[in-house]
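Right, one structure below, let's go through it.
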Amino acid sequence: MIKKKTIVLKYGGNAMTDIGIKNQLLENISNLIKKSYHIIIVHGGGPFIQKALEKANIVSEFIDGQRKTSEEALIEVEKVLKGNVNGDLVKILNSKNCKAVGLSGKDGKTLIAKKRYHISKTNQSIDLGQVGDVESVDPNLIKILIDNNYTPVITCIASDIAGKDYNINADNFAGHIAGALKADEFVVLTDVDGLLNDIDKPDSLIERIHTTSLNKLYDDGIIKGGMIPKLEACKTALINGATSCRIINGTKPNQLLEIFEGKNIGTQIIK
């Protein structure tokens, strides 16, 4: 029997908020599942979270670009991620004859969180509230599901060993999941074609890069903003056992299929 390849997808950005793009992307994911790939989807939901917090009259506080999350805010965050975003993805995939299962890191103790403190530019430790990092991953529940042809759809909420809940950056969460599963491919969907030498020049795509070359790109200011956690997630995945990582444009849903047709799509990151 041919071993199925395991693919972890980090899903977010406009591919999540645009209904047409979302439907096409999920159709393509369902096609990959039917072609005998094990697919695991990890998602956040930033735009939906912001709307929910505004509706609940909870003011968002950002520290160096990171959202500080109170216990009150986390209740709304979990409602949105698990109840709305996750449920919608599961519903659509099931309508396409996939057996999708909605999870968070809390289910089966798949992911254990720890409290995250932000270190400021002046080296101060800042409390971000209910924002977490990844302490450990137990992939057994995910393996049981994919071995029985279910598609896990996982959102980035997890508890620490004492049972306190945390919201974790979805890129970071996904990278750890990909590493723990020794994924054949970790694919990060974003709103650009990959890592660009110049964000204003779409034709400046870096097609392939080694993790050892990333530090220079940080120093040169090429890797910045939202691309930082995505590349850190790729490094995490590779260090922990994933074979290959790739950043592609989720607003171009067919790019996902083209990867597995052997085309050189997006930016590939290798160890």
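Labels used: A, B, ... for chains in the order of the structure tokens, numbers from 1 for residues in each chain, and numbers from 1 for ligands as shown.
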Which of region 105-139 of chain A fall in strand (DSSP E), as a list in words
Leu111, Ile112, Ala113, Lys114, Lys115, Arg116, Tyr117, His118, Ile119, Ser125, Ile126, Asp127, Leu128, Gly129, Gln130, Val131, Gly132, Asp133, Val134, Glu135, Ser136 and Val137 of chain A
I'd like the neighbourhood of Gly45 (chain A) as number ranges by chain, where a residue qualifies if any of its atoms comes within 12 Å (using only C-alpha atoms), though same-chain residues fewer than 6 positions away should be ignored.
A: 10-17, 51-52, 76-86, 88-89, 154-157, 167-171
For the contact check between region 195-243 of chain A and region 127-151 of chain A, emit one row per residue of region 195-243 of chain A within 12 Å, containing the shortest atom pair and the distance in Å rounded to one decimal, counting only C-alpha atoms, chain then rising number order, as a Markdown table.
```
| residue | atom | partner | partner_atom | distance |
| --- | --- | --- | --- | --- |
| A:Ala233 | CA | A:Val134 | CA | 11.4 |
| A:Thr236 | CA | A:Val134 | CA | 10.9 |
| A:Ala237 | CA | A:Val137 | CA | 12.0 |
| A:Asn240 | CA | A:Val137 | CA | 10.7 |
```
If you take only C-alpha atoms and a cut-off of 12 Å, which residues of region 40-66 of chain A touch region 103-124 of chain A, and what are their nearest atom pairs and distances in Å to one decimal, in chain and number order, as CSV?
```
residue,atom,partner,partner_atom,distance
A:Ile40,CA,A:Leu103,CA,10.8
A:Ile41,CA,A:Leu103,CA,10.1
A:Val42,CA,A:Ser104,CA,9.1
A:His43,CA,A:Ser104,CA,9.7
A:Gly44,CA,A:Ser104,CA,10.5
A:Phe62,CA,A:His118,CA,11.3
A:Ile63,CA,A:His118,CA,8.3
A:Asp64,CA,A:Ser120,CA,7.7
A:Gly65,CA,A:His118,CA,10.6
A:Gln66,CA,A:His118,CA,8.5
```
If you run DSSP on this backbone, which residues of region 121-266 of chain A come out as alpha helix (DSSP H), and could you give them as JSON, numbers by chain?
{"A": [140, 141, 142, 143, 144, 145, 146, 147, 170, 171, 172, 173, 174, 175, 176, 177, 178, 179, 180, 214, 215, 216, 217, 218, 219, 227, 228, 229, 230, 231, 232, 233, 234, 235, 236, 237, 238, 239, 254, 255, 256, 257, 258, 259]}
Restricted to N, CA and C atoms, what would the selected residues look like written as a tab-separated table (two decimals), in the first residue's frame?
```
chain	number	residue	atom	x	y	z
A	140	ASN	N	-1.24	12.34	18.61
A	140	ASN	CA	-1.91	11.04	18.50
A	140	ASN	C	-3.36	11.15	18.04
A	141	LEU	N	-4.11	12.10	18.57
A	141	LEU	CA	-5.51	12.25	18.16
A	141	LEU	C	-5.59	12.57	16.66
A	142	ILE	N	-4.74	13.47	16.20
A	142	ILE	CA	-4.73	13.82	14.78
A	142	ILE	C	-4.40	12.59	13.94
A	143	LYS	N	-3.43	11.80	14.38
A	143	LYS	CA	-3.05	10.60	13.63
A	143	LYS	C	-4.20	9.59	13.56
A	144	ILE	N	-4.91	9.44	14.68
A	144	ILE	CA	-6.06	8.52	14.69
A	144	ILE	C	-7.10	8.98	13.66
A	145	LEU	N	-7.35	10.27	13.62
A	145	LEU	CA	-8.35	10.82	12.69
A	145	LEU	C	-7.93	10.62	11.24
A	146	ILE	N	-6.70	11.01	10.90
A	146	ILE	CA	-6.31	10.91	9.49
A	146	ILE	C	-6.15	9.45	9.05
A	147	ASP	N	-5.74	8.59	9.98
A	147	ASP	CA	-5.63	7.17	9.63
A	147	ASP	C	-7.00	6.55	9.33
A	170	ALA	N	-1.68	31.67	15.17
A	170	ALA	CA	-2.04	30.52	14.34
A	170	ALA	C	-0.86	30.01	13.51
A	171	ASP	N	0.03	30.89	13.07
A	171	ASP	CA	1.21	30.44	12.33
A	171	ASP	C	2.09	29.57	13.22
A	172	ASN	N	2.36	30.06	14.42
A	172	ASN	CA	3.17	29.34	15.38
A	172	ASN	C	2.54	27.99	15.72
A	173	PHE	N	1.25	28.00	15.97
A	173	PHE	CA	0.49	26.79	16.29
A	173	PHE	C	0.63	25.77	15.16
A	174	ALA	N	0.43	26.23	13.93
A	174	ALA	CA	0.48	25.34	12.76
A	174	ALA	C	1.87	24.76	12.55
A	175	GLY	N	2.91	25.58	12.75
A	175	GLY	CA	4.27	25.11	12.58
A	175	GLY	C	4.60	23.98	13.54
A	176	HIS	N	4.14	24.10	14.77
A	176	HIS	CA	4.38	23.04	15.75
A	176	HIS	C	3.61	21.78	15.40
A	177	ILE	N	2.39	21.93	14.91
A	177	ILE	CA	1.60	20.76	14.49
A	177	ILE	C	2.30	20.05	13.33
A	178	ALA	N	2.76	20.83	12.35
A	178	ALA	CA	3.44	20.25	11.19
A	178	ALA	C	4.71	19.50	11.60
A	179	GLY	N	5.45	20.07	12.53
A	179	GLY	CA	6.65	19.41	13.00
A	179	GLY	C	6.35	18.12	13.74
A	180	ALA	N	5.37	18.15	14.63
A	180	ALA	CA	5.02	16.98	15.42
A	180	ALA	C	4.52	15.83	14.55
A	214	LEU	N	18.00	32.95	6.41
A	214	LEU	CA	16.92	33.85	6.83
A	214	LEU	C	17.41	35.03	7.66
A	215	ASN	N	18.42	34.82	8.51
A	215	ASN	CA	18.86	35.89	9.40
A	215	ASN	C	19.29	37.13	8.64
A	216	LYS	N	19.98	36.92	7.52
A	216	LYS	CA	20.43	38.08	6.73
A	216	LYS	C	19.22	38.85	6.18
A	217	LEU	N	18.16	38.12	5.80
A	217	LEU	CA	16.97	38.78	5.27
A	217	LEU	C	16.23	39.56	6.36
A	218	TYR	N	16.30	39.06	7.59
A	218	TYR	CA	15.76	39.84	8.72
A	218	TYR	C	16.57	41.13	8.88
A	219	ASP	N	17.89	40.99	8.89
A	219	ASP	CA	18.77	42.14	9.08
A	219	ASP	C	18.60	43.17	7.97
A	227	MET	N	5.08	38.58	7.68
A	227	MET	CA	5.88	37.48	7.14
A	227	MET	C	6.78	36.87	8.21
A	228	ILE	N	7.08	37.61	9.27
A	228	ILE	CA	7.97	37.11	10.32
A	228	ILE	C	7.41	35.85	10.98
A	229	PRO	N	6.16	35.88	11.51
A	229	PRO	CA	5.67	34.65	12.16
A	229	PRO	C	5.51	33.48	11.19
A	230	LYS	N	5.27	33.77	9.92
A	230	LYS	CA	5.11	32.69	8.94
A	230	LYS	C	6.44	31.96	8.71
A	231	LEU	N	7.51	32.71	8.58
A	231	LEU	CA	8.81	32.08	8.38
A	231	LEU	C	9.31	31.42	9.66
A	232	GLU	N	9.00	32.02	10.82
A	232	GLU	CA	9.36	31.38	12.08
A	232	GLU	C	8.62	30.05	12.23
A	233	ALA	N	7.36	30.03	11.77
A	233	ALA	CA	6.58	28.79	11.82
A	233	ALA	C	7.20	27.72	10.92
A	234	CYS	N	7.69	28.15	9.76
A	234	CYS	CA	8.35	27.20	8.85
A	234	CYS	C	9.63	26.64	9.48
A	235	LYS	N	10.40	27.50	10.14
A	235	LYS	CA	11.61	27.03	10.82
A	235	LYS	C	11.25	26.03	11.91
A	236	THR	N	10.22	26.34	12.67
A	236	THR	CA	9.78	25.44	13.74
A	236	THR	C	9.38	24.08	13.17
A	237	ALA	N	8.62	24.11	12.08
A	237	ALA	CA	8.17	22.86	11.45
A	237	ALA	C	9.36	22.02	11.00
A	238	LEU	N	10.32	22.65	10.34
A	238	LEU	CA	11.48	21.92	9.82
A	238	LEU	C	12.36	21.37	10.94
A	239	ILE	N	12.59	22.18	11.96
A	239	ILE	CA	13.42	21.74	13.09
A	239	ILE	C	12.82	20.52	13.77
A	254	ASN	N	-5.81	27.95	-6.97
A	254	ASN	CA	-5.24	26.87	-7.78
A	254	ASN	C	-3.75	26.65	-7.51
A	255	GLN	N	-3.11	27.62	-6.84
A	255	GLN	CA	-1.70	27.42	-6.49
A	255	GLN	C	-1.54	26.18	-5.61
A	256	LEU	N	-2.53	25.91	-4.78
A	256	LEU	CA	-2.45	24.74	-3.90
A	256	LEU	C	-2.37	23.45	-4.70
A	257	LEU	N	-3.17	23.34	-5.75
A	257	LEU	CA	-3.13	22.15	-6.58
A	257	LEU	C	-1.83	22.08	-7.38
A	258	GLU	N	-1.35	23.23	-7.82
A	258	GLU	CA	-0.17	23.26	-8.68
A	258	GLU	C	1.08	22.76	-7.95
A	259	ILE	N	1.13	22.96	-6.63
A	259	ILE	CA	2.27	22.44	-5.86
A	259	ILE	C	2.39	20.93	-6.07
```
Residue nearest Thr267 (chain A) - candidates A:Leu195, A:Lys252, A:Pro202, A:Thr69, atoms counted: only C-alpha atoms:
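Distance minimum relative to Thr267 (chain A) lands on A:Leu195.
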For CA of Asn94 (chain A) and CA of Ala158 (chain A), determine how far apart the two atoms are, in Å to one decimal place.
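Interatomic distance here is 24.6 Å.
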